[in-house]
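Chemist: Provided below: start_13.cif, containing mmCIF, C-alpha atoms and all ligand atoms.
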data_model
loop_
_atom_site.label_atom_id
_atom_site.label_comp_id
_atom_site.auth_asym_id
_atom_site.auth_seq_id
_atom_site.Cartn_x
_atom_site.Cartn_y
_atom_site.Cartn_z
CA MET A 1 -20.01 -31.64 7.07
CA LEU A 2 -22.91 -32.69 4.83
CA HIS A 3 -23.87 -35.74 6.86
CA VAL A 4 -23.69 -33.68 10.04
CA ALA A 5 -25.88 -31.04 8.45
CA ALA A 6 -28.27 -33.76 7.27
CA GLY A 7 -28.27 -35.23 10.79
CA VAL A 8 -29.15 -31.83 12.14
CA TYR A 9 -31.96 -31.51 9.64
CA PHE A 10 -33.44 -34.97 10.07
CA ASN A 11 -32.80 -35.65 13.73
CA GLY A 12 -33.37 -32.16 15.03
CA TYR A 13 -30.02 -31.88 16.87
CA SER A 14 -29.27 -28.54 18.33
CA ALA A 15 -27.36 -26.87 15.52
CA TRP A 16 -26.44 -23.44 16.87
CA TRP A 17 -22.78 -24.09 16.10
CA LEU A 18 -23.36 -24.64 12.38
CA PRO A 19 -24.37 -21.06 11.46
CA ALA A 20 -21.82 -19.85 14.02
CA CYS A 21 -19.00 -21.68 12.16
CA VAL A 22 -20.19 -20.38 8.79
CA LEU A 23 -20.38 -16.84 10.18
CA ALA A 24 -16.90 -17.14 11.70
CA LEU A 25 -15.51 -18.42 8.38
CA ILE A 26 -17.12 -15.58 6.41
CA THR A 27 -15.81 -13.05 8.95
CA ILE A 28 -12.25 -14.41 8.67
CA LEU A 29 -12.38 -14.39 4.84
CA ALA A 30 -13.70 -10.81 4.83
CA LEU A 31 -11.18 -9.51 7.38
CA GLY A 32 -8.40 -11.26 5.44
CA ALA A 33 -9.47 -9.27 2.37
CA ILE A 34 -9.58 -5.94 4.21
CA PHE A 35 -6.40 -6.14 6.27
CA ILE A 36 -3.53 -6.27 3.80
CA ARG A 37 -1.11 -6.69 6.73
CA TRP A 38 -2.54 -10.15 7.49
CA ASN A 39 -1.01 -11.45 4.20
CA PHE A 40 -4.07 -13.69 4.02
CA TYR A 41 -4.56 -14.04 0.24
CA LEU A 42 -1.14 -12.87 -0.91
CA ASN A 43 2.15 -11.75 0.57
CA SER A 44 2.65 -8.00 0.66
CA VAL A 45 5.61 -5.98 1.83
CA ASN A 46 4.21 -4.03 4.78
CA THR A 47 7.37 -2.81 6.53
CA LEU A 48 10.98 -1.92 5.77
CA PRO A 49 13.63 -4.39 6.93
CA ILE A 50 14.85 -3.30 10.35
CA LEU A 51 17.85 -5.62 10.52
CA ASN A 52 20.97 -5.76 8.38
CA VAL A 53 21.85 -9.43 7.99
CA LYS A 54 25.22 -10.27 6.40
CA PHE A 55 26.93 -13.58 5.82
CA ASP A 56 30.57 -13.01 5.01
CA ARG A 57 33.37 -15.65 5.05
CA GLY A 58 31.36 -18.00 7.23
CA GLN A 59 30.51 -15.21 9.69
CA LEU A 60 26.91 -14.21 10.28
CA SER A 61 26.42 -10.65 11.45
CA VAL A 62 23.10 -9.09 12.38
CA GLN A 63 22.88 -5.37 12.97
CA GLN A 64 19.94 -3.17 13.76
CA ARG A 65 19.40 -0.55 11.07
CA GLY A 66 18.88 3.08 12.07
CA ARG A 67 15.39 4.52 12.51
CA ARG A 68 13.74 4.83 9.15
CA VAL A 69 10.35 5.07 7.52
CA ALA A 70 9.00 5.14 3.97
CA LEU A 71 6.48 7.77 2.91
CA SER A 72 4.10 6.44 0.25
CA PHE A 73 1.54 8.50 -1.67
CA ASP A 74 -1.41 6.83 -3.45
CA ASP A 75 -3.92 7.94 -6.10
CA GLY A 76 -1.83 10.47 -8.05
CA PRO A 77 -0.84 12.18 -10.13
CA ALA A 78 -3.41 14.50 -8.58
CA ASN A 79 -4.16 18.06 -7.46
CA HIS A 80 -1.56 18.22 -4.72
CA THR A 81 1.20 16.18 -6.31
CA ALA A 82 3.20 19.18 -7.57
CA ALA A 83 3.17 20.90 -4.17
CA ILE A 84 4.09 17.65 -2.42
CA LEU A 85 7.00 17.16 -4.83
CA ASP A 86 8.13 20.71 -4.01
CA ILE A 87 8.09 19.96 -0.27
CA LEU A 88 9.95 16.66 -0.69
CA LYS A 89 12.58 18.42 -2.82
CA ARG A 90 13.02 21.22 -0.31
CA GLU A 91 13.34 18.72 2.55
CA ASN A 92 15.54 16.38 0.50
CA VAL A 93 13.23 13.44 1.28
CA PRO A 94 12.62 10.58 -1.17
CA ALA A 95 9.21 8.90 -1.30
CA THR A 96 7.22 6.36 -3.28
CA PHE A 97 4.23 7.25 -5.47
CA PHE A 98 1.62 4.65 -6.46
CA LEU A 99 -0.04 6.01 -9.60
CA ILE A 100 -3.51 5.47 -11.02
CA GLY A 101 -3.00 4.83 -14.75
CA LYS A 102 -5.90 6.95 -15.97
CA ASN A 103 -4.52 10.00 -14.11
CA ILE A 104 -1.25 9.98 -16.02
CA ALA A 105 -2.46 11.51 -19.31
CA GLY A 106 -2.07 15.28 -18.95
CA ASN A 107 0.22 14.89 -15.91
CA GLU A 108 3.26 13.48 -17.67
CA ALA A 109 5.51 16.24 -16.33
CA LEU A 110 4.70 15.24 -12.75
CA VAL A 111 5.63 11.62 -13.42
CA LEU A 112 8.91 12.75 -14.94
CA ARG A 113 9.58 14.93 -11.90
CA MET A 114 9.05 11.90 -9.62
CA LYS A 115 11.59 9.96 -11.60
CA HIS A 116 14.16 12.77 -11.90
CA GLU A 117 13.85 13.81 -8.26
CA GLY A 118 14.71 10.34 -6.98
CA HIS A 119 11.32 8.94 -5.99
CA SER A 120 10.08 5.39 -6.58
CA ILE A 121 7.05 4.89 -8.78
CA GLY A 122 4.57 2.03 -8.43
CA ASN A 123 1.28 0.92 -9.95
CA HIS A 124 -2.09 1.48 -8.22
CA SER A 125 -4.37 0.04 -10.98
CA PHE A 126 -5.66 1.86 -14.07
CA ASP A 127 -9.17 2.93 -13.03
CA HIS A 128 -9.13 2.44 -9.23
CA GLY A 129 -12.86 1.78 -9.60
CA PHE A 130 -14.97 1.04 -6.56
CA HIS A 131 -15.55 -2.45 -8.00
CA PHE A 132 -11.89 -3.19 -8.72
CA ASP A 133 -11.88 -6.18 -6.39
CA TRP A 134 -14.93 -7.82 -7.98
CA GLN A 135 -13.22 -8.11 -11.36
CA SER A 136 -11.75 -11.27 -12.86
CA ALA A 137 -8.02 -11.85 -12.56
CA ALA A 138 -7.72 -11.18 -16.32
CA LYS A 139 -9.37 -7.75 -15.98
CA MET A 140 -7.08 -6.88 -13.07
CA GLU A 141 -4.05 -7.98 -15.06
CA GLU A 142 -5.22 -5.73 -17.90
CA GLU A 143 -5.38 -2.73 -15.51
CA ILE A 144 -1.92 -3.52 -14.17
CA ARG A 145 -0.48 -3.85 -17.69
CA ARG A 146 -2.00 -0.58 -18.95
CA THR A 147 -0.67 1.40 -16.00
CA ASN A 148 2.78 -0.17 -16.24
CA GLU A 149 2.89 0.72 -19.94
CA ALA A 150 1.87 4.33 -19.27
CA ILE A 151 4.58 4.75 -16.61
CA GLU A 152 7.28 2.90 -18.50
CA ALA A 153 6.64 4.89 -21.69
CA LEU A 154 7.56 8.03 -19.72
CA THR A 155 10.30 6.84 -17.38
CA GLY A 156 11.87 4.00 -19.35
CA THR A 157 12.05 2.01 -16.10
CA PRO A 158 10.12 -1.25 -15.58
CA VAL A 159 7.49 -1.01 -12.83
CA LYS A 160 7.58 -3.83 -10.30
CA LEU A 161 5.55 -2.57 -7.34
CA PHE A 162 1.77 -2.77 -7.06
CA ARG A 163 -0.37 -1.34 -4.32
CA PRO A 164 -3.87 -2.83 -4.24
CA PRO A 165 -6.64 -0.20 -4.43
CA TYR A 166 -8.19 0.27 -0.96
CA GLY A 167 -5.64 -2.27 0.30
CA VAL A 168 -8.19 -4.99 -0.45
CA THR A 169 -6.84 -8.39 -1.51
CA ASN A 170 -8.51 -11.58 -2.73
CA PRO A 171 -7.61 -14.73 -4.72
CA ASN A 172 -8.20 -13.05 -8.13
CA LEU A 173 -5.84 -10.23 -7.24
CA ALA A 174 -3.27 -12.70 -5.94
CA LYS A 175 -3.40 -14.43 -9.34
CA ALA A 176 -3.22 -11.14 -11.30
CA ILE A 177 -0.21 -9.96 -9.32
CA ARG A 178 1.53 -13.31 -9.74
CA ASN A 179 0.87 -13.41 -13.50
CA SER A 180 2.05 -9.81 -13.90
CA GLY A 181 5.30 -10.47 -12.06
CA MET A 182 4.52 -7.65 -9.61
CA ARG A 183 5.25 -7.30 -5.92
CA SER A 184 2.34 -6.32 -3.66
CA MET A 185 3.13 -3.38 -1.40
CA GLY A 186 1.06 -2.72 1.70
CA TRP A 187 1.73 -0.51 4.72
CA ARG A 188 1.88 -0.66 8.48
CA LEU A 189 0.74 2.88 9.28
CA ARG A 190 -2.50 3.97 7.62
CA SER A 191 -2.86 7.71 8.17
CA LEU A 192 -6.53 7.84 7.03
CA ASP A 193 -5.69 11.26 5.57
CA THR A 194 -8.55 10.81 3.07
CA VAL A 195 -11.13 11.22 5.83
CA ALA A 196 -9.17 13.42 8.27
CA LYS A 197 -10.72 16.81 9.07
CA ASP A 198 -8.26 18.29 11.55
CA LYS A 199 -4.64 18.76 10.51
CA ASP A 200 -3.26 18.82 14.06
CA GLN A 201 -5.09 15.60 14.95
CA LEU A 202 -3.83 13.92 11.79
CA LEU A 203 -0.24 14.91 12.50
CA HIS A 204 -0.55 13.84 16.13
CA LYS A 205 -2.06 10.50 15.14
CA ILE A 206 0.76 9.66 12.75
CA MET A 207 3.50 10.75 15.15
CA SER A 208 1.98 8.85 18.09
CA LYS A 209 1.84 5.62 16.07
CA VAL A 210 5.04 5.72 14.03
CA ARG A 211 7.68 3.03 14.60
CA THR A 212 10.91 2.27 12.83
CA GLY A 213 10.38 0.32 9.62
CA ASP A 214 6.92 1.79 9.01
CA ILE A 215 5.61 2.22 5.51
CA ILE A 216 3.25 5.19 5.91
CA LEU A 217 0.17 5.41 3.68
CA LEU A 218 -0.69 8.95 2.50
CA HIS A 219 -2.52 10.39 -0.55
CA ASP A 220 -1.28 13.17 -2.83
CA ARG A 221 -4.87 14.02 -3.78
CA CYS A 222 -5.58 15.35 -0.27
CA ALA A 223 -5.11 19.02 0.65
CA ILE A 224 -4.65 18.12 4.32
CA THR A 225 -1.72 15.86 3.41
CA GLU A 226 0.06 18.69 1.62
CA THR A 227 -0.67 20.95 4.62
CA ILE A 228 0.81 18.66 7.27
CA LEU A 229 3.70 17.29 5.22
CA PRO A 230 6.38 19.88 6.17
CA LYS A 231 5.58 19.44 9.88
CA LEU A 232 5.40 15.67 9.55
CA ILE A 233 8.81 15.49 7.89
CA GLY A 234 10.22 17.93 10.46
CA ALA A 235 8.87 15.88 13.38
CA LEU A 236 10.18 12.61 11.94
CA LYS A 237 13.62 14.12 11.32
CA GLU A 238 13.64 15.49 14.87
CA GLN A 239 13.07 11.94 16.16
CA GLY A 240 16.02 10.71 14.15
CA TYR A 241 14.16 9.06 11.28
CA THR A 242 15.62 8.84 7.80
CA PHE A 243 13.52 8.17 4.71
CA ALA A 244 13.64 5.17 2.39
CA THR A 245 11.96 4.49 -0.92
CA LEU A 246 10.30 1.17 -1.63
ZN ZN A 301 -6.04 4.35 -3.70
#
Can you turn what I pasted into C-alpha cells?

Modeler:
Amino acid sequence: MLHVAAGVYFNGYSAWWLPACVLALITILALGAIFIRWNFYLNSVNTLPILNVKFDRGQLSVQQRGRRVALSFDDGPANHTAAILDILKRENVPATFFLIGKNIAGNEALVLRMKHEGHSIGNHSFDHGFHFDWQSAAKMEEEIRRTNEAIEALTGTPVKLFRPPYGVTNPNLAKAIRNSGMRSMGWRLRSLDTVAKDKDQLLHKIMSKVRTGDIILLHDRCAITETILPKLIGALKEQGYTFATL
C-alpha cells in the first residue's frame, strides 16, 4: 500500500481509487458498528431459533417451531415499567428486560416483580452514557460488573445477557463482553418507539414487519410503548404468535 501511495505521490499517477478505498473501508467499519445484526465486531443473538433440531439414537429430526417472537424492553426500570408489567401479567406474556444499572436504586420492587412474574432480566450497561462506546474495554467491563451486581443482589440469579447501548458494537465492547462472560443480545425488529409520534403508525409498522423468530426491540421508558402494548400483544396473538423470553 505504502509503495503504491508513494508511487502516486512521486509519479503523479491518477489516484482517485485510493481515497475511494479508504472511504469504503471507513464506511464498512462504521456500518458494522451501527448494525448489530451484521455480527461484524462480535456475535449477537438477533433471532429466536426457528427450528427444533434433535439427534436421538442416530436419527436426526428437524422440525419447524411454531410462530413465536420475543418482546424485549430496554432502558428500565423507568416511568412506564410498572404499567407494562401490569399489561404483561394480564395478558400472560413473558418478556425480557434489559436494565440500566443506575436506574435500579429506588426501583428495586420493579426488578423483583420482573423476576417473580417470569420475565428474563439482562444488563444494558450502568450509565448508558452517550459516550459508552468510546470507553476502554476495562471501563465497559466495570459498567457490566456493577449492573450485574445490582441485579444479582436483588434476584439472586446470575445475569448472562448483555444488550449493547444503542446497539452499537466495536472491538472494545467485544473484549469487555468476552471478559465478562456475557452473551450479546441484539434484535431483528427495531420498533423505533423512542422516536415514534403516532401510536397507530407504530403499531402498524411493527405488525407489517414482524416474522417468526423476531426479537422485538421496545423501551419501557416510552409512554407510546405502554399505549400500544395491549393492541400489539392482541394482534400478535391473533396471528398465532406465542411469546418467548431470551
Ligand atoms: Zn438503551

Chemist: Can you pull out every residue within 10 Å of region 41-44 of chain A, counting all atoms listed in the file, but drop anything in the same chain fewer than 5 positions away, and send it as a PyMOL selection string?

Modeler: chain A and resi 29+32-33+36+162-164+168-175+177-178+183-187

Chemist: Please write out the residues within 8 Å of ligand ZN 301 (chain A) as a PyMOL selection string, counting all atoms listed in the file.

Modeler: chain A and resi 74-75+100+124+128+164-167+219

Chemist: Please compute the CA of Phe35 (chain A)-CA of Arg190 (chain A) distance, one decimal, in Å.

Modeler: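 Taking CA of Phe35 (chain A) as the start and CA of Arg190 (chain A) as the end point, the length is 10.9 Å.
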
Chemist: Of the candidates A:Leu218, A:Leu154, A:Met182, A:Val69, which shows the shortest atom-to-atom distance to Gly240 (chain A), using all atoms listed in the file?

Modeler: A:Val69

Chemist: Quick one: pull the distance between CA of Leu202 (chain A) and CA of Ile50 (chain A), Å, one decimal.

Modeler: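 Computed distance, CA of Leu202 (chain A) to CA of Ile50 (chain A), equals 25.4 Å.
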
Chemist: What does the distance from CA of Val195 (chain A) to CA of Thr227 (chain A) come to in Å, to one decimal?

Modeler: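 CA of Thr227 (chain A) lies 14.3 Å from CA of Val195 (chain A).
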